[in-house]
Amino acid sequence: MAYTYDIPFRVDLEGRVALVTGGNGGIGGMFCRALAACGATVIVLGRNLERCRKVSDEINAGGGRADALSADVTDEQALLRVKEEVAQRYGRIHILVNAAGGAVRSAMVPQDQMADGGERTFFDVPAEDVQKEFDLNMRGTWLPSKVLTPLMIGQQGACVINVSSMSAFGPLTRIPGYSGAKAGVSNFTQWLATYLARSGVRVNAIAPGFFMTEQNHALQFHPDGTPTPRCEKIIAGTPMRRFGELHELIGALLFLVDERAAGFITGVVLPVDGGYSAYSGV
């Protein structure tokens with residue numbers, strides 16, 4: 001019995017080993033399920049082993065193949081232990097998805113502009129909280145790539161998929177640390193694609209626009225369900241006039257990992273944003 005999951009199309013990943021960082025999260029877990037539905041053996045990696053096992057157990061119970069490992073993507077020694085364990089169990093990796101990341105709430109600036117006023121401003125944001133954002137997003141993409149891509153060199157269809165953001169194209173208000181870190185992820189994607197191009201490993205990134213998740217729902221809507229002013233700005237700046245649904249990221253992932261469809265594509269940061277990056281606001 002093959003593992004089934006709601007995917008827009010199926011690519012052939014039989015015999016491939018995929019490792020997904022942040023695999024116990026919303027986007028990472030969805031990517032794990034989609035890759036498993038295409039036949040890949042999926043290694044679900046995250047800090048919380050119990051949550052990783054929930055994802056891998058679901059895939060295995062449904063007829064797929066998955067494993068769960070625990071590591072902090074900012075800890076090189078932890079990742080080296082993961083590399084050793086993966087090498088012993090599987091001998092190789094074909095697909096690395098760097099899905100670990102996210103914004104740190106305490107690093108947010110409460111207003112769009114200094115003139116908007118408020119008790120707490122940009123000048124009060126703790127530097128260590130912004131550093132956490134850079135560590136999680138930039139270091140947490142750079143380090144797994146450094147440690148794990150040696151297991152990919154020489155493998156058929158080897159590719160790295162990073163998760164960037166629309167905030168990498170132009171900084172969003174209130175999240176300067178996150179925007180800067182994601183800009184670093186996009187830049188690193190292009191650098192690594194060039195560096196590894198002749199090794200046979202392709203490197204690309206997906207840049208989600210605005211998607212509605214449990215994590216950001218409270219930022220976009222009041223308790224009574226009415227949109228916040230920020231939510232209204234987002235919708236006004238998105239030509240399709242809606243938030244994305246998480247499942248709408250799956251097609252971009254499967255396209256980029258499929259060597260038959262994207263074998264000559266590397267160094268690309270693919271927006272999935274409802275037209276946000278194409279719209280000037282006029």
# chains A, B, ... in the order shown; residues from 1 in each chain; ligands from 1
$ closest_atom_pairs --of "segment 234-278 of chain A" --to "segment 36-45 of chain A" --cutoff "12 Å" --atoms "only C-alpha atoms" --output "tab-separated table"
residue	atom	partner	partner_atom	distance
A:Ile250	CA	A:Ala37	CA	11.4
A:Leu253	CA	A:Cys38	CA	11.6
A:Leu254	CA	A:Cys38	CA	8.9
A:Phe255	CA	A:Cys38	CA	11.9
A:Val257	CA	A:Cys38	CA	10.9
A:Asp258	CA	A:Cys38	CA	10.4
$ select_by_dssp --residues "segment 123-272 of chain A" --states "helix (DSSP H, G or I)" --output "VMD selection string"
chain A and resid 123 to 124 127 to 151 166 to 168 176 to 199 217 to 220 229 to 236 246 to 257 259 to 262
$ closest_residue --among "A:Arg53, A:Arg92, A:Arg47, A:Arg65" --to "Ala158 of chain A" --atoms "only C-alpha atoms"
A:Arg92
$ select_by_dssp --residues "segment 48-265 of chain A" --states "strand (DSSP E)" --output "PyMOL selection string"
chain A and resi 65-70+95-98+159-163+202-208
$ residues_around --residues "segment 88-91 of chain A" --least-positions-apart "5" --cutoff "9 Å" --atoms "only C-alpha atoms" --output "ChimeraX atom specification"
/A:17,83,151
$ residues_around --residues "segment 267-275 of chain A" --least-positions-apart "5" --cutoff "10 Å" --atoms "only C-alpha atoms" --output "ChimeraX atom specification"
/A:161-166,168-169,185-194,197,202-211,235,237-244,248-249,251-253,256
$ closest_residue --among "A:Val130, A:Leu19, A:Met30, A:Met108" --to "Val86 of chain A" --atoms "only C-alpha atoms"
A:Leu19
$ atom_distance --atom1 "atom CA of Ala18 of chain A" --atom2 "atom CA of Leu35 of chain A"
7.6 Å
$ closest_residue --among "A:Ser179, A:Thr213, A:Ser199, A:Thr141" --to "Val104 of chain A" --atoms "only C-alpha atoms"
A:Ser179
$ residues_around --residues "Lys146 of chain A" --least-positions-apart "4" --cutoff "12 Å" --atoms "only C-alpha atoms" --output "PDB file with all heavy atoms, in the first residue's frame"
ATOM      1  N   VAL A  73      18.968  22.888  14.387  1.00  0.00           N
ATOM      2  CA  VAL A  73      19.655  23.199  13.126  1.00  0.00           C
ATOM      3  C   VAL A  73      20.715  24.280  13.283  1.00  0.00           C
ATOM      4  O   VAL A  73      21.467  24.551  12.333  1.00  0.00           O
ATOM      5  CB  VAL A  73      18.654  23.624  12.026  1.00  0.00           C
ATOM      6  CG1 VAL A  73      17.785  22.452  11.611  1.00  0.00           C
ATOM      7  CG2 VAL A  73      17.812  24.816  12.476  1.00  0.00           C
ATOM      8  N   THR A  74      20.811  24.895  14.451  1.00  0.00           N
ATOM      9  CA  THR A  74      21.867  25.875  14.684  1.00  0.00           C
ATOM     10  C   THR A  74      23.055  25.287  15.423  1.00  0.00           C
ATOM     11  O   THR A  74      24.020  25.995  15.720  1.00  0.00           O
ATOM     12  CB  THR A  74      21.322  27.084  15.479  1.00  0.00           C
ATOM     13  OG1 THR A  74      21.003  26.673  16.812  1.00  0.00           O
ATOM     14  CG2 THR A  74      20.087  27.671  14.824  1.00  0.00           C
ATOM     15  N   ASP A  75      22.997  23.993  15.710  1.00  0.00           N
ATOM     16  CA  ASP A  75      24.033  23.304  16.491  1.00  0.00           C
ATOM     17  C   ASP A  75      24.820  22.369  15.566  1.00  0.00           C
ATOM     18  O   ASP A  75      24.323  21.322  15.159  1.00  0.00           O
ATOM     19  CB  ASP A  75      23.368  22.517  17.625  1.00  0.00           C
ATOM     20  CG  ASP A  75      24.371  21.832  18.546  1.00  0.00           C
ATOM     21  OD1 ASP A  75      25.524  21.589  18.128  1.00  0.00           O
ATOM     22  OD2 ASP A  75      23.986  21.503  19.685  1.00  0.00           O
ATOM     23  N   GLU A  76      26.056  22.746  15.245  1.00  0.00           N
ATOM     24  CA  GLU A  76      26.842  21.963  14.282  1.00  0.00           C
ATOM     25  C   GLU A  76      27.131  20.551  14.782  1.00  0.00           C
ATOM     26  O   GLU A  76      27.061  19.591  14.010  1.00  0.00           O
ATOM     27  CB  GLU A  76      28.149  22.673  13.956  1.00  0.00           C
ATOM     28  CG  GLU A  76      28.948  21.974  12.877  1.00  0.00           C
ATOM     29  CD  GLU A  76      30.084  22.803  12.334  1.00  0.00           C
ATOM     30  OE1 GLU A  76      30.410  23.845  12.948  1.00  0.00           O
ATOM     31  OE2 GLU A  76      30.653  22.414  11.295  1.00  0.00           O
ATOM     32  N   LEU A  79      24.128  18.380  14.300  1.00  0.00           N
ATOM     33  CA  LEU A  79      23.935  18.039  12.894  1.00  0.00           C
ATOM     34  C   LEU A  79      24.961  17.023  12.415  1.00  0.00           C
ATOM     35  O   LEU A  79      24.659  16.163  11.575  1.00  0.00           O
ATOM     36  CB  LEU A  79      23.991  19.304  12.036  1.00  0.00           C
ATOM     37  CG  LEU A  79      22.786  20.232  12.168  1.00  0.00           C
ATOM     38  CD1 LEU A  79      23.046  21.542  11.438  1.00  0.00           C
ATOM     39  CD2 LEU A  79      21.519  19.572  11.640  1.00  0.00           C
ATOM     40  N   LEU A  80      26.168  17.087  12.938  1.00  0.00           N
ATOM     41  CA  LEU A  80      27.174  16.092  12.579  1.00  0.00           C
ATOM     42  C   LEU A  80      26.755  14.710  13.065  1.00  0.00           C
ATOM     43  O   LEU A  80      27.000  13.697  12.386  1.00  0.00           O
ATOM     44  CB  LEU A  80      28.534  16.483  13.167  1.00  0.00           C
ATOM     45  CG  LEU A  80      29.242  17.646  12.468  1.00  0.00           C
ATOM     46  CD1 LEU A  80      30.433  18.123  13.288  1.00  0.00           C
ATOM     47  CD2 LEU A  80      29.673  17.246  11.061  1.00  0.00           C
ATOM     48  N   LYS A  83      24.214  13.555  10.617  1.00  0.00           N
ATOM     49  CA  LYS A  83      24.885  13.110   9.389  1.00  0.00           C
ATOM     50  C   LYS A  83      25.413  11.690   9.537  1.00  0.00           C
ATOM     51  O   LYS A  83      25.238  10.847   8.641  1.00  0.00           O
ATOM     52  CB  LYS A  83      26.034  14.065   9.062  1.00  0.00           C
ATOM     53  CG  LYS A  83      26.829  13.657   7.831  1.00  0.00           C
ATOM     54  CD  LYS A  83      28.020  14.596   7.627  1.00  0.00           C
ATOM     55  CE  LYS A  83      28.849  14.167   6.425  1.00  0.00           C
ATOM     56  NZ  LYS A  83      30.036  15.053   6.243  1.00  0.00           N
ATOM     57  N   LEU A  96      17.395  17.619   0.242  1.00  0.00           N
ATOM     58  CA  LEU A  96      17.453  18.324   1.523  1.00  0.00           C
ATOM     59  C   LEU A  96      16.518  19.511   1.443  1.00  0.00           C
ATOM     60  O   LEU A  96      16.676  20.379   0.578  1.00  0.00           O
ATOM     61  CB  LEU A  96      18.878  18.802   1.823  1.00  0.00           C
ATOM     62  CG  LEU A  96      19.029  19.744   3.027  1.00  0.00           C
ATOM     63  CD1 LEU A  96      18.614  19.052   4.326  1.00  0.00           C
ATOM     64  CD2 LEU A  96      20.468  20.271   3.121  1.00  0.00           C
ATOM     65  N   ASN A  98      15.330  22.648   3.617  1.00  0.00           N
ATOM     66  CA  ASN A  98      15.581  23.469   4.807  1.00  0.00           C
ATOM     67  C   ASN A  98      14.326  24.281   5.122  1.00  0.00           C
ATOM     68  O   ASN A  98      14.176  25.427   4.681  1.00  0.00           O
ATOM     69  CB  ASN A  98      16.779  24.391   4.565  1.00  0.00           C
ATOM     70  CG  ASN A  98      18.095  23.656   4.607  1.00  0.00           C
ATOM     71  OD1 ASN A  98      18.379  22.910   5.542  1.00  0.00           O
ATOM     72  ND2 ASN A  98      18.913  23.845   3.577  1.00  0.00           N
ATOM     73  N   ARG A 139      21.513  30.906   9.802  1.00  0.00           N
ATOM     74  CA  ARG A 139      22.409  29.841  10.251  1.00  0.00           C
ATOM     75  C   ARG A 139      21.714  28.488  10.126  1.00  0.00           C
ATOM     76  O   ARG A 139      22.343  27.494   9.765  1.00  0.00           O
ATOM     77  CB  ARG A 139      22.840  30.088  11.697  1.00  0.00           C
ATOM     78  CG  ARG A 139      23.792  29.027  12.264  1.00  0.00           C
ATOM     79  CD  ARG A 139      24.176  29.351  13.705  1.00  0.00           C
ATOM     80  NE  ARG A 139      24.937  28.281  14.317  1.00  0.00           N
ATOM     81  CZ  ARG A 139      26.261  28.169  14.261  1.00  0.00           C
ATOM     82  NH1 ARG A 139      26.957  29.059  13.594  1.00  0.00           N
ATOM     83  NH2 ARG A 139      26.880  27.173  14.867  1.00  0.00           N
ATOM     84  N   GLY A 140      20.407  28.457  10.405  1.00  0.00           N
ATOM     85  CA  GLY A 140      19.644  27.213  10.345  1.00  0.00           C
ATOM     86  C   GLY A 140      19.413  26.698   8.941  1.00  0.00           C
ATOM     87  O   GLY A 140      18.898  25.591   8.759  1.00  0.00           O
ATOM     88  N   THR A 141      19.778  27.484   7.941  1.00  0.00           N
ATOM     89  CA  THR A 141      19.776  27.026   6.541  1.00  0.00           C
ATOM     90  C   THR A 141      21.201  26.724   6.086  1.00  0.00           C
ATOM     91  O   THR A 141      21.461  25.708   5.442  1.00  0.00           O
ATOM     92  CB  THR A 141      19.151  28.102   5.630  1.00  0.00           C
ATOM     93  OG1 THR A 141      17.781  28.296   6.003  1.00  0.00           O
ATOM     94  CG2 THR A 141      19.216  27.687   4.168  1.00  0.00           C
ATOM     95  N   TRP A 142      22.111  27.621   6.438  1.00  0.00           N
ATOM     96  CA  TRP A 142      23.516  27.476   6.040  1.00  0.00           C
ATOM     97  C   TRP A 142      24.150  26.231   6.650  1.00  0.00           C
ATOM     98  O   TRP A 142      24.842  25.472   5.954  1.00  0.00           O
ATOM     99  CB  TRP A 142      24.266  28.736   6.488  1.00  0.00           C
ATOM    100  CG  TRP A 142      25.722  28.753   6.181  1.00  0.00           C
ATOM    101  CD1 TRP A 142      26.318  29.154   5.023  1.00  0.00           C
ATOM    102  CD2 TRP A 142      26.788  28.355   7.063  1.00  0.00           C
ATOM    103  NE1 TRP A 142      27.694  29.032   5.131  1.00  0.00           N
ATOM    104  CE2 TRP A 142      27.998  28.547   6.366  1.00  0.00           C
ATOM    105  CE3 TRP A 142      26.840  27.858   8.371  1.00  0.00           C
ATOM    106  CZ2 TRP A 142      29.239  28.257   6.924  1.00  0.00           C
ATOM    107  CZ3 TRP A 142      28.072  27.574   8.931  1.00  0.00           C
ATOM    108  CH2 TRP A 142      29.248  27.765   8.211  1.00  0.00           C
ATOM    109  N   PRO A 150      27.448  16.957   1.671  1.00  0.00           N
ATOM    110  CA  PRO A 150      28.407  15.927   1.251  1.00  0.00           C
ATOM    111  C   PRO A 150      27.770  14.551   1.035  1.00  0.00           C
ATOM    112  O   PRO A 150      28.296  13.756   0.242  1.00  0.00           O
ATOM    113  CB  PRO A 150      29.408  15.907   2.413  1.00  0.00           C
ATOM    114  CG  PRO A 150      29.405  17.305   2.928  1.00  0.00           C
ATOM    115  CD  PRO A 150      27.953  17.725   2.839  1.00  0.00           C
ATOM    116  N   LEU A 151      26.660  14.265   1.716  1.00  0.00           N
ATOM    117  CA  LEU A 151      25.959  12.996   1.502  1.00  0.00           C
ATOM    118  C   LEU A 151      25.160  12.994   0.207  1.00  0.00           C
ATOM    119  O   LEU A 151      24.618  11.958  -0.185  1.00  0.00           O
ATOM    120  CB  LEU A 151      25.013  12.710   2.671  1.00  0.00           C
ATOM    121  CG  LEU A 151      25.649  12.462   4.043  1.00  0.00           C
ATOM    122  CD1 LEU A 151      24.564  12.246   5.092  1.00  0.00           C
ATOM    123  CD2 LEU A 151      26.584  11.254   3.993  1.00  0.00           C
ATOM    124  N   MET A 152      25.074  14.152  -0.461  1.00  0.00           N
ATOM    125  CA  MET A 152      24.253  14.281  -1.664  1.00  0.00           C
ATOM    126  C   MET A 152      25.069  14.275  -2.943  1.00  0.00           C
ATOM    127  O   MET A 152      24.552  13.949  -4.015  1.00  0.00           O
ATOM    128  CB  MET A 152      23.454  15.591  -1.584  1.00  0.00           C
ATOM    129  CG  MET A 152      22.600  15.730  -0.338  1.00  0.00           C
ATOM    130  SD  MET A 152      21.810  17.351  -0.178  1.00  0.00           S
ATOM    131  CE  MET A 152      20.662  17.289  -1.541  1.00  0.00           C
ATOM    132  N   ILE A 153      26.333  14.644  -2.848  1.00  0.00           N
ATOM    133  CA  ILE A 153      27.163  14.779  -4.040  1.00  0.00           C
ATOM    134  C   ILE A 153      27.293  13.430  -4.751  1.00  0.00           C
ATOM    135  O   ILE A 153      27.628  12.418  -4.144  1.00  0.00           O
ATOM    136  CB  ILE A 153      28.541  15.345  -3.672  1.00  0.00           C
ATOM    137  CG1 ILE A 153      28.383  16.787  -3.162  1.00  0.00           C
ATOM    138  CG2 ILE A 153      29.505  15.305  -4.854  1.00  0.00           C
ATOM    139  CD1 ILE A 153      29.637  17.380  -2.575  1.00  0.00           C
ATOM    140  N   VAL A 160      18.767  20.743  -3.175  1.00  0.00           N
ATOM    141  CA  VAL A 160      18.476  21.417  -1.919  1.00  0.00           C
ATOM    142  C   VAL A 160      17.350  22.411  -2.177  1.00  0.00           C
ATOM    143  O   VAL A 160      17.388  23.149  -3.171  1.00  0.00           O
ATOM    144  CB  VAL A 160      19.706  22.178  -1.386  1.00  0.00           C
ATOM    145  CG1 VAL A 160      19.358  22.944  -0.106  1.00  0.00           C
ATOM    146  CG2 VAL A 160      20.876  21.239  -1.157  1.00  0.00           C
ATOM    147  N   PHE A 188      22.192  33.228  -0.099  1.00  0.00           N
ATOM    148  CA  PHE A 188      22.943  31.986   0.095  1.00  0.00           C
ATOM    149  C   PHE A 188      22.483  30.908  -0.889  1.00  0.00           C
ATOM    150  O   PHE A 188      23.306  30.108  -1.364  1.00  0.00           O
ATOM    151  CB  PHE A 188      22.767  31.494   1.530  1.00  0.00           C
ATOM    152  CG  PHE A 188      23.420  30.166   1.804  1.00  0.00           C
ATOM    153  CD1 PHE A 188      24.795  30.025   1.746  1.00  0.00           C
ATOM    154  CD2 PHE A 188      22.649  29.042   2.107  1.00  0.00           C
ATOM    155  CE1 PHE A 188      25.400  28.803   1.982  1.00  0.00           C
ATOM    156  CE2 PHE A 188      23.233  27.822   2.348  1.00  0.00           C
ATOM    157  CZ  PHE A 188      24.618  27.689   2.284  1.00  0.00           C
ATOM    158  N   LEU A 192      25.204  29.032  -3.087  1.00  0.00           N
ATOM    159  CA  LEU A 192      25.411  27.590  -3.005  1.00  0.00           C
ATOM    160  C   LEU A 192      25.093  26.908  -4.327  1.00  0.00           C
ATOM    161  O   LEU A 192      25.741  25.921  -4.698  1.00  0.00           O
ATOM    162  CB  LEU A 192      24.551  27.001  -1.881  1.00  0.00           C
ATOM    163  CG  LEU A 192      24.832  25.541  -1.503  1.00  0.00           C
ATOM    164  CD1 LEU A 192      26.259  25.381  -0.980  1.00  0.00           C
ATOM    165  CD2 LEU A 192      23.829  25.037  -0.463  1.00  0.00           C
ATOM    166  N   TYR A 195      28.179  27.305  -6.343  1.00  0.00           N
ATOM    167  CA  TYR A 195      29.283  26.524  -5.789  1.00  0.00           C
ATOM    168  C   TYR A 195      29.139  25.040  -6.100  1.00  0.00           C
ATOM    169  O   TYR A 195      30.126  24.363  -6.408  1.00  0.00           O
ATOM    170  CB  TYR A 195      29.341  26.744  -4.278  1.00  0.00           C
ATOM    171  CG  TYR A 195      30.564  26.141  -3.623  1.00  0.00           C
ATOM    172  CD1 TYR A 195      31.811  26.731  -3.777  1.00  0.00           C
ATOM    173  CD2 TYR A 195      30.460  24.994  -2.851  1.00  0.00           C
ATOM    174  CE1 TYR A 195      32.938  26.199  -3.180  1.00  0.00           C
ATOM    175  CE2 TYR A 195      31.582  24.437  -2.248  1.00  0.00           C
ATOM    176  CZ  TYR A 195      32.823  25.042  -2.416  1.00  0.00           C
ATOM    177  OH  TYR A 195      33.930  24.495  -1.829  1.00  0.00           O
ATOM    178  N   LEU A 196      27.911  24.531  -6.030  1.00  0.00           N
ATOM    179  CA  LEU A 196      27.680  23.093  -6.203  1.00  0.00           C
ATOM    180  C   LEU A 196      27.255  22.693  -7.619  1.00  0.00           C
ATOM    181  O   LEU A 196      27.023  21.510  -7.872  1.00  0.00           O
ATOM    182  CB  LEU A 196      26.610  22.613  -5.215  1.00  0.00           C
ATOM    183  CG  LEU A 196      26.964  22.683  -3.723  1.00  0.00           C
ATOM    184  CD1 LEU A 196      25.784  22.213  -2.880  1.00  0.00           C
ATOM    185  CD2 LEU A 196      28.201  21.846  -3.412  1.00  0.00           C
TER     186      LEU A 196
END
$ residues_around --residues "Ile27 of chain A" --least-positions-apart "4" --cutoff "9 Å" --atoms "only C-alpha atoms" --output "ChimeraX atom specification"
/A:22-23,31-32,99-100,246-247,249
$ write_last_selection --atoms "N, CA, C and O atoms" --output "PDB file, in the first residue's frame"
ATOM      1  N   GLY A  22      12.897  21.144  10.268  1.00  0.00           N
ATOM      2  CA  GLY A  22      11.605  21.729  10.633  1.00  0.00           C
ATOM      3  C   GLY A  22      10.460  20.838  10.196  1.00  0.00           C
ATOM      4  O   GLY A  22       9.346  21.298   9.968  1.00  0.00           O
ATOM      5  N   GLY A  23      10.744  19.548  10.099  1.00  0.00           N
ATOM      6  CA  GLY A  23       9.762  18.601   9.569  1.00  0.00           C
ATOM      7  C   GLY A  23       8.576  18.363  10.476  1.00  0.00           C
ATOM      8  O   GLY A  23       7.607  17.728  10.068  1.00  0.00           O
ATOM      9  N   PHE A  31       5.496  19.240   3.725  1.00  0.00           N
ATOM     10  CA  PHE A  31       6.473  18.830   2.719  1.00  0.00           C
ATOM     11  C   PHE A  31       6.879  17.368   2.925  1.00  0.00           C
ATOM     12  O   PHE A  31       7.070  16.626   1.953  1.00  0.00           O
ATOM     13  N   CYS A  32       7.033  16.937   4.186  1.00  0.00           N
ATOM     14  CA  CYS A  32       7.354  15.532   4.466  1.00  0.00           C
ATOM     15  C   CYS A  32       6.284  14.616   3.876  1.00  0.00           C
ATOM     16  O   CYS A  32       6.595  13.609   3.218  1.00  0.00           O
ATOM     17  N   ALA A  99      13.418  23.658   5.884  1.00  0.00           N
ATOM     18  CA  ALA A  99      12.144  24.307   6.204  1.00  0.00           C
ATOM     19  C   ALA A  99      12.124  24.898   7.608  1.00  0.00           C
ATOM     20  O   ALA A  99      11.140  25.539   7.990  1.00  0.00           O
ATOM     21  N   ALA A 100      13.166  24.672   8.398  1.00  0.00           N
ATOM     22  CA  ALA A 100      13.212  25.256   9.737  1.00  0.00           C
ATOM     23  C   ALA A 100      13.390  26.763   9.627  1.00  0.00           C
ATOM     24  O   ALA A 100      14.167  27.255   8.811  1.00  0.00           O
ATOM     25  N   LEU A 246      -1.738  26.842   2.594  1.00  0.00           N
ATOM     26  CA  LEU A 246      -0.450  26.165   2.696  1.00  0.00           C
ATOM     27  C   LEU A 246      -0.241  25.105   1.623  1.00  0.00           C
ATOM     28  O   LEU A 246       0.867  24.947   1.097  1.00  0.00           O
ATOM     29  N   HIS A 247      -1.297  24.395   1.270  1.00  0.00           N
ATOM     30  CA  HIS A 247      -1.139  23.319   0.275  1.00  0.00           C
ATOM     31  C   HIS A 247      -0.706  23.871  -1.084  1.00  0.00           C
ATOM     32  O   HIS A 247      -0.204  23.119  -1.935  1.00  0.00           O
ATOM     33  N   LEU A 249       1.781  25.542  -1.683  1.00  0.00           N
ATOM     34  CA  LEU A 249       3.239  25.507  -1.769  1.00  0.00           C
ATOM     35  C   LEU A 249       3.755  24.170  -2.290  1.00  0.00           C
ATOM     36  O   LEU A 249       4.910  24.059  -2.712  1.00  0.00           O
TER      37      LEU A 249
END
